[in-house]
Structure formats: structure tokens, C-alpha cells
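> Please find structure_37.txt (compact mmCIF, N, CA and C atoms) on the next line:
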```
# COMPACT_ATOMS: atom_id res chain seq x y z
N MET A 1 0.84 -1.18 0.00
CA MET A 1 0.00 0.00 0.00
C MET A 1 0.88 1.23 0.00
N HIS A 2 0.50 2.20 -0.79
CA HIS A 2 1.26 3.44 -0.90
C HIS A 2 0.39 4.62 -0.45
N ILE A 3 0.92 5.45 0.43
CA ILE A 3 0.21 6.64 0.87
C ILE A 3 0.80 7.84 0.15
N ASP A 4 -0.04 8.58 -0.52
CA ASP A 4 0.38 9.79 -1.23
C ASP A 4 0.40 10.95 -0.24
N TRP A 5 1.56 11.15 0.41
CA TRP A 5 1.65 12.16 1.46
C TRP A 5 1.46 13.57 0.92
N ALA A 6 1.73 13.79 -0.36
CA ALA A 6 1.52 15.12 -0.94
C ALA A 6 0.03 15.48 -0.99
N SER A 7 -0.82 14.46 -1.04
CA SER A 7 -2.26 14.69 -1.10
C SER A 7 -2.93 14.56 0.27
N PHE A 8 -2.15 14.31 1.30
CA PHE A 8 -2.68 14.16 2.65
C PHE A 8 -3.06 15.54 3.17
N THR A 9 -4.33 15.71 3.49
CA THR A 9 -4.82 17.04 3.88
C THR A 9 -5.56 16.96 5.22
N PRO A 10 -4.83 16.86 6.32
CA PRO A 10 -5.53 16.71 7.61
C PRO A 10 -6.35 17.93 8.01
N TRP A 11 -5.89 19.12 7.67
CA TRP A 11 -6.63 20.32 8.09
C TRP A 11 -7.92 20.46 7.30
N THR A 12 -7.88 20.13 6.04
CA THR A 12 -9.09 20.17 5.22
C THR A 12 -10.08 19.12 5.73
N ALA A 13 -9.59 17.93 6.02
CA ALA A 13 -10.46 16.87 6.53
C ALA A 13 -11.05 17.25 7.89
N LEU A 14 -10.23 17.85 8.75
CA LEU A 14 -10.71 18.27 10.06
C LEU A 14 -11.77 19.36 9.93
N SER A 15 -11.54 20.29 9.03
CA SER A 15 -12.52 21.37 8.79
C SER A 15 -13.83 20.80 8.25
N GLY A 16 -13.73 19.88 7.30
CA GLY A 16 -14.93 19.27 6.75
C GLY A 16 -15.70 18.49 7.81
N GLY A 17 -14.99 17.74 8.63
CA GLY A 17 -15.65 16.98 9.70
C GLY A 17 -16.32 17.90 10.71
N ALA A 18 -15.65 19.02 11.05
CA ALA A 18 -16.25 19.99 11.97
C ALA A 18 -17.51 20.61 11.38
N LEU A 19 -17.48 20.91 10.08
CA LEU A 19 -18.67 21.48 9.43
C LEU A 19 -19.82 20.47 9.38
N ILE A 20 -19.49 19.19 9.14
CA ILE A 20 -20.53 18.16 9.15
C ILE A 20 -21.14 18.05 10.55
N GLY A 21 -20.29 18.04 11.57
CA GLY A 21 -20.79 17.97 12.94
C GLY A 21 -21.62 19.18 13.32
N LEU A 22 -21.17 20.37 12.91
CA LEU A 22 -21.92 21.59 13.19
C LEU A 22 -23.28 21.58 12.50
N SER A 23 -23.30 21.21 11.23
CA SER A 23 -24.58 21.21 10.51
C SER A 23 -25.53 20.16 11.07
N ALA A 24 -25.01 18.99 11.43
CA ALA A 24 -25.87 17.95 12.02
C ALA A 24 -26.40 18.41 13.37
N SER A 25 -25.56 19.07 14.15
CA SER A 25 -25.99 19.58 15.46
C SER A 25 -27.05 20.66 15.32
N LEU A 26 -26.82 21.59 14.43
CA LEU A 26 -27.80 22.65 14.20
C LEU A 26 -29.12 22.08 13.69
N PHE A 27 -29.04 21.08 12.83
CA PHE A 27 -30.26 20.49 12.29
C PHE A 27 -31.08 19.84 13.40
N VAL A 28 -30.44 19.12 14.30
CA VAL A 28 -31.19 18.46 15.37
C VAL A 28 -31.73 19.48 16.36
N VAL A 29 -30.99 20.54 16.63
CA VAL A 29 -31.46 21.57 17.56
C VAL A 29 -32.64 22.34 16.96
N LEU A 30 -32.54 22.68 15.68
CA LEU A 30 -33.57 23.50 15.04
C LEU A 30 -34.78 22.70 14.58
N ASN A 31 -34.60 21.41 14.29
CA ASN A 31 -35.71 20.61 13.76
C ASN A 31 -36.17 19.47 14.66
N GLY A 32 -35.39 19.15 15.67
CA GLY A 32 -35.79 18.10 16.59
C GLY A 32 -35.64 16.69 16.05
N ARG A 33 -34.87 16.52 14.98
CA ARG A 33 -34.62 15.18 14.43
C ARG A 33 -33.22 15.13 13.87
N VAL A 34 -32.71 13.91 13.73
CA VAL A 34 -31.35 13.75 13.24
C VAL A 34 -31.29 14.02 11.74
N ALA A 35 -30.11 14.33 11.27
CA ALA A 35 -29.90 14.67 9.86
C ALA A 35 -29.50 13.45 9.06
N GLY A 36 -30.33 12.44 9.07
CA GLY A 36 -30.09 11.27 8.23
C GLY A 36 -30.50 11.61 6.80
N ILE A 37 -29.56 11.53 5.89
CA ILE A 37 -29.81 11.99 4.53
C ILE A 37 -30.88 11.17 3.84
N SER A 38 -30.86 9.86 4.00
CA SER A 38 -31.89 9.04 3.33
C SER A 38 -33.27 9.35 3.86
N GLY A 39 -33.39 9.58 5.16
CA GLY A 39 -34.69 9.93 5.73
C GLY A 39 -35.16 11.30 5.27
N LEU A 40 -34.22 12.25 5.17
CA LEU A 40 -34.57 13.58 4.69
C LEU A 40 -35.04 13.53 3.24
N LEU A 41 -34.31 12.79 2.44
CA LEU A 41 -34.66 12.67 1.04
C LEU A 41 -36.03 12.00 0.87
N GLY A 42 -36.27 10.94 1.62
CA GLY A 42 -37.55 10.26 1.55
C GLY A 42 -38.69 11.12 2.05
N SER A 43 -38.46 11.93 3.08
CA SER A 43 -39.53 12.76 3.63
C SER A 43 -39.88 13.94 2.74
N LEU A 44 -39.02 14.29 1.80
CA LEU A 44 -39.35 15.36 0.86
C LEU A 44 -40.51 14.98 -0.03
N LEU A 45 -40.71 13.69 -0.20
CA LEU A 45 -41.79 13.20 -1.06
C LEU A 45 -43.13 13.16 -0.33
N GLN A 46 -43.12 13.42 0.98
CA GLN A 46 -44.34 13.38 1.77
C GLN A 46 -44.76 14.80 2.13
N ARG A 47 -46.05 14.97 2.34
CA ARG A 47 -46.55 16.27 2.78
C ARG A 47 -46.28 16.43 4.26
N GLY A 48 -46.03 17.66 4.67
CA GLY A 48 -45.82 17.90 6.08
C GLY A 48 -44.97 19.14 6.30
N ASP A 49 -44.78 19.45 7.55
CA ASP A 49 -43.99 20.63 7.91
C ASP A 49 -42.50 20.37 7.76
N GLY A 50 -41.77 21.43 7.57
CA GLY A 50 -40.31 21.33 7.53
C GLY A 50 -39.72 20.95 6.19
N ARG A 51 -40.54 20.88 5.16
CA ARG A 51 -40.01 20.48 3.86
C ARG A 51 -39.00 21.48 3.33
N ASP A 52 -39.23 22.77 3.57
CA ASP A 52 -38.31 23.79 3.07
C ASP A 52 -36.93 23.65 3.72
N GLU A 53 -36.90 23.45 5.03
CA GLU A 53 -35.62 23.30 5.73
C GLU A 53 -34.89 22.05 5.26
N LYS A 54 -35.63 20.99 5.07
CA LYS A 54 -35.02 19.74 4.60
C LYS A 54 -34.44 19.92 3.20
N ALA A 55 -35.21 20.58 2.34
CA ALA A 55 -34.74 20.81 0.97
C ALA A 55 -33.50 21.70 0.97
N LEU A 56 -33.48 22.72 1.81
CA LEU A 56 -32.30 23.60 1.88
C LEU A 56 -31.08 22.86 2.41
N PHE A 57 -31.29 21.99 3.39
CA PHE A 57 -30.18 21.19 3.93
C PHE A 57 -29.59 20.31 2.83
N LEU A 58 -30.45 19.62 2.09
CA LEU A 58 -29.98 18.75 1.00
C LEU A 58 -29.35 19.57 -0.12
N LEU A 59 -29.90 20.73 -0.42
CA LEU A 59 -29.32 21.61 -1.43
C LEU A 59 -27.93 22.06 -1.00
N GLY A 60 -27.75 22.30 0.29
CA GLY A 60 -26.43 22.66 0.80
C GLY A 60 -25.41 21.56 0.59
N LEU A 61 -25.85 20.30 0.72
CA LEU A 61 -24.94 19.18 0.47
C LEU A 61 -24.47 19.16 -0.98
N LEU A 62 -25.37 19.51 -1.89
CA LEU A 62 -25.01 19.53 -3.30
C LEU A 62 -24.19 20.77 -3.66
N ALA A 63 -24.48 21.89 -3.01
CA ALA A 63 -23.79 23.14 -3.33
C ALA A 63 -22.40 23.23 -2.71
N ALA A 64 -22.15 22.52 -1.64
CA ALA A 64 -20.87 22.63 -0.93
C ALA A 64 -19.66 22.36 -1.82
N PRO A 65 -19.63 21.29 -2.60
CA PRO A 65 -18.46 21.08 -3.46
C PRO A 65 -18.31 22.16 -4.52
N LEU A 66 -19.43 22.68 -4.99
CA LEU A 66 -19.36 23.75 -5.99
C LEU A 66 -18.76 25.01 -5.38
N LEU A 67 -19.15 25.31 -4.15
CA LEU A 67 -18.57 26.47 -3.46
C LEU A 67 -17.09 26.25 -3.17
N TRP A 68 -16.74 25.03 -2.78
CA TRP A 68 -15.34 24.72 -2.51
C TRP A 68 -14.50 24.92 -3.76
N GLY A 69 -15.06 24.54 -4.90
CA GLY A 69 -14.36 24.69 -6.17
C GLY A 69 -14.02 26.13 -6.50
N LEU A 70 -14.73 27.09 -5.92
CA LEU A 70 -14.41 28.50 -6.14
C LEU A 70 -13.13 28.91 -5.42
N PHE A 71 -12.79 28.22 -4.34
CA PHE A 71 -11.65 28.61 -3.52
C PHE A 71 -10.46 27.66 -3.61
N GLY A 72 -10.68 26.47 -4.08
CA GLY A 72 -9.60 25.49 -4.19
C GLY A 72 -9.95 24.44 -5.22
N SER A 73 -9.01 23.59 -5.49
CA SER A 73 -9.25 22.56 -6.49
C SER A 73 -9.94 21.35 -5.85
N LEU A 74 -10.87 20.81 -6.57
CA LEU A 74 -11.57 19.62 -6.11
C LEU A 74 -10.73 18.39 -6.46
N PRO A 75 -10.83 17.34 -5.66
CA PRO A 75 -10.09 16.13 -6.01
C PRO A 75 -10.62 15.52 -7.30
N GLU A 76 -9.76 14.85 -8.00
CA GLU A 76 -10.15 14.19 -9.24
C GLU A 76 -10.98 12.96 -8.91
N VAL A 77 -12.10 12.83 -9.59
CA VAL A 77 -12.98 11.69 -9.37
C VAL A 77 -12.63 10.61 -10.39
N GLU A 78 -12.44 9.40 -9.88
CA GLU A 78 -12.08 8.28 -10.75
C GLU A 78 -12.96 7.09 -10.42
N PHE A 79 -13.73 6.63 -11.39
CA PHE A 79 -14.56 5.45 -11.21
C PHE A 79 -13.82 4.26 -11.79
N GLN A 80 -13.81 3.16 -11.05
CA GLN A 80 -13.14 1.96 -11.52
C GLN A 80 -14.13 0.91 -11.95
N THR A 81 -15.33 1.34 -12.26
CA THR A 81 -16.36 0.44 -12.76
C THR A 81 -17.22 1.20 -13.76
N GLY A 82 -18.03 0.49 -14.47
CA GLY A 82 -18.90 1.12 -15.47
C GLY A 82 -20.26 1.47 -14.89
N GLY A 83 -21.15 1.84 -15.77
CA GLY A 83 -22.49 2.26 -15.37
C GLY A 83 -23.28 1.17 -14.68
N ILE A 84 -23.11 -0.08 -15.10
CA ILE A 84 -23.84 -1.19 -14.47
C ILE A 84 -23.36 -1.37 -13.02
N GLY A 85 -22.05 -1.32 -12.83
CA GLY A 85 -21.52 -1.45 -11.48
C GLY A 85 -21.96 -0.33 -10.56
N LEU A 86 -21.99 0.91 -11.08
CA LEU A 86 -22.44 2.04 -10.27
C LEU A 86 -23.93 1.93 -9.94
N THR A 87 -24.72 1.49 -10.90
CA THR A 87 -26.15 1.32 -10.68
C THR A 87 -26.40 0.24 -9.63
N LEU A 88 -25.71 -0.89 -9.76
CA LEU A 88 -25.84 -1.98 -8.79
C LEU A 88 -25.42 -1.51 -7.40
N ALA A 89 -24.32 -0.77 -7.32
CA ALA A 89 -23.85 -0.26 -6.03
C ALA A 89 -24.89 0.67 -5.41
N GLY A 90 -25.47 1.55 -6.21
CA GLY A 90 -26.49 2.46 -5.70
C GLY A 90 -27.72 1.73 -5.20
N LEU A 91 -28.15 0.71 -5.93
CA LEU A 91 -29.30 -0.08 -5.49
C LEU A 91 -29.01 -0.83 -4.19
N LEU A 92 -27.81 -1.37 -4.08
CA LEU A 92 -27.44 -2.08 -2.85
C LEU A 92 -27.35 -1.13 -1.65
N VAL A 93 -26.83 0.07 -1.87
CA VAL A 93 -26.78 1.05 -0.79
C VAL A 93 -28.20 1.43 -0.37
N GLY A 94 -29.07 1.64 -1.34
CA GLY A 94 -30.47 1.96 -1.02
C GLY A 94 -31.15 0.85 -0.26
N LEU A 95 -30.91 -0.40 -0.67
CA LEU A 95 -31.48 -1.55 0.03
C LEU A 95 -30.94 -1.62 1.46
N GLY A 96 -29.65 -1.43 1.61
CA GLY A 96 -29.04 -1.46 2.94
C GLY A 96 -29.56 -0.34 3.84
N THR A 97 -29.81 0.81 3.24
CA THR A 97 -30.35 1.94 4.00
C THR A 97 -31.74 1.61 4.53
N ARG A 98 -32.56 1.00 3.72
CA ARG A 98 -33.92 0.63 4.18
C ARG A 98 -33.84 -0.50 5.21
N TYR A 99 -32.99 -1.49 4.95
CA TYR A 99 -32.87 -2.63 5.86
C TYR A 99 -32.27 -2.21 7.20
N GLY A 100 -31.33 -1.27 7.17
CA GLY A 100 -30.67 -0.80 8.38
C GLY A 100 -31.38 0.35 9.08
N SER A 101 -32.55 0.73 8.58
CA SER A 101 -33.34 1.84 9.16
C SER A 101 -32.54 3.13 9.24
N GLY A 102 -31.76 3.40 8.21
CA GLY A 102 -31.01 4.65 8.17
C GLY A 102 -29.72 4.46 7.41
N CYS A 103 -29.07 5.58 7.17
CA CYS A 103 -27.85 5.57 6.37
C CYS A 103 -26.64 5.91 7.25
N THR A 104 -25.50 5.99 6.62
CA THR A 104 -24.27 6.26 7.37
C THR A 104 -24.31 7.63 8.04
N SER A 105 -24.95 8.60 7.44
CA SER A 105 -25.01 9.92 8.09
C SER A 105 -25.92 9.88 9.31
N GLY A 106 -27.04 9.21 9.19
CA GLY A 106 -27.95 9.13 10.33
C GLY A 106 -27.39 8.32 11.47
N HIS A 107 -26.88 7.14 11.16
CA HIS A 107 -26.33 6.29 12.21
C HIS A 107 -24.90 6.69 12.59
N GLY A 108 -24.04 6.85 11.59
CA GLY A 108 -22.62 7.09 11.86
C GLY A 108 -22.30 8.45 12.42
N VAL A 109 -22.94 9.49 11.91
CA VAL A 109 -22.64 10.83 12.39
C VAL A 109 -23.52 11.19 13.57
N CYS A 110 -24.83 11.09 13.37
CA CYS A 110 -25.77 11.55 14.39
C CYS A 110 -26.01 10.52 15.49
N GLY A 111 -26.19 9.26 15.10
CA GLY A 111 -26.51 8.23 16.09
C GLY A 111 -25.37 7.94 17.05
N ILE A 112 -24.17 7.83 16.54
CA ILE A 112 -23.02 7.57 17.42
C ILE A 112 -22.77 8.78 18.34
N ALA A 113 -22.99 9.99 17.81
CA ALA A 113 -22.84 11.19 18.64
C ALA A 113 -23.84 11.20 19.79
N ARG A 114 -24.99 10.55 19.59
CA ARG A 114 -26.00 10.45 20.65
C ARG A 114 -25.81 9.18 21.49
N LEU A 115 -24.71 8.47 21.25
CA LEU A 115 -24.38 7.24 21.97
C LEU A 115 -25.47 6.16 21.82
N SER A 116 -26.05 6.07 20.64
CA SER A 116 -27.08 5.08 20.36
C SER A 116 -26.44 3.72 20.07
N PRO A 117 -26.75 2.70 20.89
CA PRO A 117 -26.20 1.36 20.63
C PRO A 117 -26.61 0.82 19.25
N ARG A 118 -27.85 1.08 18.85
CA ARG A 118 -28.33 0.61 17.54
C ARG A 118 -27.51 1.24 16.42
N SER A 119 -27.19 2.52 16.56
CA SER A 119 -26.39 3.19 15.54
C SER A 119 -24.96 2.68 15.52
N LEU A 120 -24.42 2.35 16.68
CA LEU A 120 -23.07 1.79 16.73
C LEU A 120 -23.03 0.45 15.99
N VAL A 121 -24.02 -0.40 16.24
CA VAL A 121 -24.07 -1.69 15.56
C VAL A 121 -24.27 -1.50 14.06
N ALA A 122 -25.16 -0.59 13.68
CA ALA A 122 -25.40 -0.34 12.26
C ALA A 122 -24.15 0.18 11.57
N THR A 123 -23.44 1.10 12.20
CA THR A 123 -22.22 1.65 11.60
C THR A 123 -21.14 0.58 11.48
N LEU A 124 -21.01 -0.26 12.48
CA LEU A 124 -20.05 -1.37 12.39
C LEU A 124 -20.43 -2.32 11.25
N ALA A 125 -21.72 -2.55 11.07
CA ALA A 125 -22.17 -3.42 9.96
C ALA A 125 -21.89 -2.76 8.61
N PHE A 126 -22.11 -1.44 8.50
CA PHE A 126 -21.79 -0.73 7.26
C PHE A 126 -20.31 -0.86 6.93
N MET A 127 -19.48 -0.61 7.93
CA MET A 127 -18.04 -0.64 7.71
C MET A 127 -17.56 -2.05 7.37
N ALA A 128 -18.05 -3.05 8.10
CA ALA A 128 -17.65 -4.43 7.83
C ALA A 128 -18.07 -4.85 6.43
N SER A 129 -19.26 -4.44 6.01
CA SER A 129 -19.72 -4.76 4.65
C SER A 129 -18.84 -4.11 3.60
N GLY A 130 -18.46 -2.87 3.84
CA GLY A 130 -17.57 -2.18 2.91
C GLY A 130 -16.20 -2.84 2.83
N PHE A 131 -15.63 -3.19 3.98
CA PHE A 131 -14.33 -3.86 4.00
C PHE A 131 -14.40 -5.19 3.26
N ALA A 132 -15.47 -5.96 3.53
CA ALA A 132 -15.62 -7.26 2.89
C ALA A 132 -15.79 -7.11 1.38
N THR A 133 -16.55 -6.12 0.97
CA THR A 133 -16.76 -5.89 -0.46
C THR A 133 -15.46 -5.56 -1.17
N VAL A 134 -14.70 -4.67 -0.59
CA VAL A 134 -13.41 -4.30 -1.20
C VAL A 134 -12.49 -5.51 -1.25
N PHE A 135 -12.44 -6.30 -0.18
CA PHE A 135 -11.58 -7.47 -0.16
C PHE A 135 -11.98 -8.46 -1.26
N VAL A 136 -13.27 -8.72 -1.36
CA VAL A 136 -13.75 -9.68 -2.38
C VAL A 136 -13.45 -9.18 -3.78
N LEU A 137 -13.81 -7.90 -4.05
CA LEU A 137 -13.63 -7.36 -5.39
C LEU A 137 -12.17 -7.21 -5.80
N ARG A 138 -11.32 -6.83 -4.85
CA ARG A 138 -9.91 -6.58 -5.20
C ARG A 138 -9.02 -7.81 -5.10
N HIS A 139 -9.33 -8.73 -4.19
CA HIS A 139 -8.41 -9.83 -3.94
C HIS A 139 -8.93 -11.20 -4.35
N LEU A 140 -10.23 -11.40 -4.30
CA LEU A 140 -10.77 -12.71 -4.64
C LEU A 140 -11.34 -12.76 -6.06
N TRP A 141 -11.94 -11.66 -6.49
CA TRP A 141 -12.58 -11.60 -7.80
C TRP A 141 -11.61 -11.16 -8.87
N GLY A 142 -10.44 -10.74 -8.47
CA GLY A 142 -9.38 -10.41 -9.43
C GLY A 142 -9.41 -9.00 -9.96
N GLY A 143 -10.07 -8.06 -9.25
CA GLY A 143 -10.13 -6.66 -9.71
C GLY A 143 -8.92 -5.94 -9.37
```
Please express what this file holds, its structure, as C-alpha cells.


Amino acid sequence: MHIDWASFTPWTALSGGALIGLSASLFVVLNGRVAGISGLLGSLLQRGDGRDEKALFLLGLLAAPLLWGLFGSLPEVEFQTGGIGLTLAGLLVGLGTRYGSGCTSGHGVCGIARLSPRSLVATLAFMASGFATVFVLRHLWGG
């Protein structure tokens, strides 16, 4: 394994993590619910209060990289699979999100911060699944 120390950016990563924590904290204080992205996205399709705040929060997630691009260079995105692989990956993530009653942002960022045992187990399952997938695809399947 090779680490590209020239691309190692601890201060940028720390700043990004602090902003994620701040936004998740503000969202729970102002809205009374955790900032799970899959739940927010799903609730936009339903009638009810708070749709504007949810839409603005999700819009901020999409706008953030564009704003960052005004001040610095964005990392190069490289896909090592085709459209079928990306589609399959997206469907599996969606299935896992429904089966796990939340996504990595809801469980990993917000749930663990609230010391939720269920979120800790869910996050460990997400991570273990990711590790196993990478191992199978890179070492057993010959990728």
C-alpha cells in the first residue's frame, strides 16, 4: 500500500468533519430530528412541515463542493467500474439503507454522537460490509 503524502490534507479533513458535525448539530437543535440523509430525502416526497428546511439542507450538500471549487481545487474523481456497477452499487446502498433503518449519516454521524447502541451496531455493519466488499472485489474476484 502506498500513501500519497503530498495529497494528505488533515486540516481540510478536520474542517470538513467539523462542518458536518456543526450542521448535524444545528439540524437536530432546530428541527428536533437527526440529519439522516436518506430519511430527509424520503420525507421530501411526503406532505408535512419542515419540507423547506429539509430541501435547503440537502441543497447545501449539493452546493458545498461547488462552493469549494471556487476557492480550491476539487479532487479528481475516478470510477473503476462502469455504469452497471455504479447502478448496482447504488441499489445495494439503497437496500441497505432501508434494511438498516437509516444511512451512514444518520447512524454514523448523528446516532453515534448520541451514543445510540443501535447506531453503533449499524455503523459497524456498514463498515464491515464495505471492507468485505473491497476485499472480495480486489483480492478474490481479481479486480

> Which residues are near range 104-110 of chain A? Cut-off 6 Å, only C-alpha atoms, ignore same chain within fewer than 3 positions. Put them as a PDB file with N, CA and C atoms, keeping the file's coordinate frame.


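The file below, out.pdb, is the result:
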```pdb
ATOM      1  N   ALA A  35     -30.110  14.330  11.270  1.00  0.00           N
ATOM      2  CA  ALA A  35     -29.900  14.670   9.860  1.00  0.00           C
ATOM      3  C   ALA A  35     -29.500  13.450   9.060  1.00  0.00           C
ATOM      4  N   GLY A  36     -30.330  12.440   9.070  1.00  0.00           N
ATOM      5  CA  GLY A  36     -30.090  11.270   8.230  1.00  0.00           C
ATOM      6  C   GLY A  36     -30.500  11.610   6.800  1.00  0.00           C
ATOM      7  N   ALA A 113     -22.990   9.990  17.810  1.00  0.00           N
ATOM      8  CA  ALA A 113     -22.840  11.190  18.640  1.00  0.00           C
ATOM      9  C   ALA A 113     -23.840  11.200  19.790  1.00  0.00           C
ATOM     10  N   SER A 119     -27.190   2.520  16.560  1.00  0.00           N
ATOM     11  CA  SER A 119     -26.390   3.190  15.540  1.00  0.00           C
ATOM     12  C   SER A 119     -24.960   2.680  15.520  1.00  0.00           C
ATOM     13  N   THR A 123     -23.440   1.100  12.200  1.00  0.00           N
ATOM     14  CA  THR A 123     -22.220   1.650  11.600  1.00  0.00           C
ATOM     15  C   THR A 123     -21.140   0.580  11.480  1.00  0.00           C
TER      16      THR A 123
END
```

> Hey, can I get the axis-aligned box for range 64-69 of chain A? All listed atoms, 4 Å padding on each side, centre and edge lengths in Å to one decimal, as lines of an AutoDock Vina configuration file.


```
center_x = -18.1
center_y = 23.8
center_z = -3.7
size_x = 16.1
size_y = 13.4
size_z = 13.6
```

> Would you pick out the contacts of range 39-52 of chain A at 8 Å or less, using all atoms listed in the file, so that residues sharing its chain but fewer than 6 positions from it are not included, and give the list as a PyMOL selection string?

chain A and resi 31+58+101-103+106

> Would you give me, as an MDAnalysis selection string, the residues in range 8-87 of chain A that DSSP reads as helix (DSSP H, G or I)?

chainID A and resid 10:31 37:43 51:71 83:87

> Kindly give the distance, in Å, that separates atom N of Gly21 in chain A and atom N of Arg114 in chain A, rounded to a single decimal.

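Interatomic distance, atom N of Gly21 in chain A to atom N of Arg114 in chain A: 11.9 Å.
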
> Could you check how far atom N of Arg138 in chain A sits from CA of Gln80 in chain A, in Å to one decimal?

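So the answer is 11.2 Å.
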
> Do you have the atom C of Tyr99 in chain A-atom C of Leu115 in chain A distance handy?

18.2 Å

> Starting from the sparse input, extend range 100-108 of chain A to all heavy atoms and give the output as a short mmCIF file (atom, residue, chain, number, x, y, z; two decimals), in the coordinates of the input.


```cif
data_model
loop_
_atom_site.label_atom_id
_atom_site.label_comp_id
_atom_site.auth_asym_id
_atom_site.auth_seq_id
_atom_site.Cartn_x
_atom_site.Cartn_y
_atom_site.Cartn_z
N GLY A 100 -31.33 -1.27 7.17
CA GLY A 100 -30.67 -0.80 8.38
C GLY A 100 -31.38 0.35 9.08
O GLY A 100 -30.88 0.90 10.05
N SER A 101 -32.55 0.73 8.58
CA SER A 101 -33.34 1.84 9.16
C SER A 101 -32.54 3.13 9.24
O SER A 101 -32.61 3.86 10.22
CB SER A 101 -33.87 1.46 10.55
OG SER A 101 -34.71 0.35 10.47
N GLY A 102 -31.76 3.40 8.21
CA GLY A 102 -31.01 4.65 8.17
C GLY A 102 -29.72 4.46 7.41
O GLY A 102 -29.33 3.36 7.04
N CYS A 103 -29.07 5.58 7.17
CA CYS A 103 -27.85 5.57 6.37
C CYS A 103 -26.64 5.91 7.25
O CYS A 103 -26.76 6.09 8.45
CB CYS A 103 -27.98 6.58 5.22
SG CYS A 103 -28.27 8.26 5.78
N THR A 104 -25.50 5.99 6.62
CA THR A 104 -24.27 6.26 7.37
C THR A 104 -24.31 7.63 8.04
O THR A 104 -23.74 7.80 9.12
CB THR A 104 -23.05 6.17 6.46
OG1 THR A 104 -23.25 7.02 5.33
CG2 THR A 104 -22.80 4.77 6.00
N SER A 105 -24.95 8.60 7.44
CA SER A 105 -25.01 9.92 8.09
C SER A 105 -25.92 9.88 9.31
O SER A 105 -25.60 10.46 10.35
CB SER A 105 -25.47 10.98 7.09
OG SER A 105 -26.74 10.66 6.57
N GLY A 106 -27.04 9.21 9.19
CA GLY A 106 -27.95 9.13 10.33
C GLY A 106 -27.39 8.32 11.47
O GLY A 106 -27.40 8.75 12.63
N HIS A 107 -26.88 7.14 11.16
CA HIS A 107 -26.33 6.29 12.21
C HIS A 107 -24.90 6.69 12.59
O HIS A 107 -24.58 6.83 13.76
CB HIS A 107 -26.32 4.82 11.76
CG HIS A 107 -27.66 4.18 11.78
ND1 HIS A 107 -28.41 4.02 12.92
CD2 HIS A 107 -28.40 3.63 10.78
CE1 HIS A 107 -29.53 3.40 12.63
NE2 HIS A 107 -29.56 3.16 11.34
N GLY A 108 -24.04 6.85 11.59
CA GLY A 108 -22.62 7.09 11.86
C GLY A 108 -22.30 8.45 12.42
O GLY A 108 -21.47 8.58 13.32
#
```
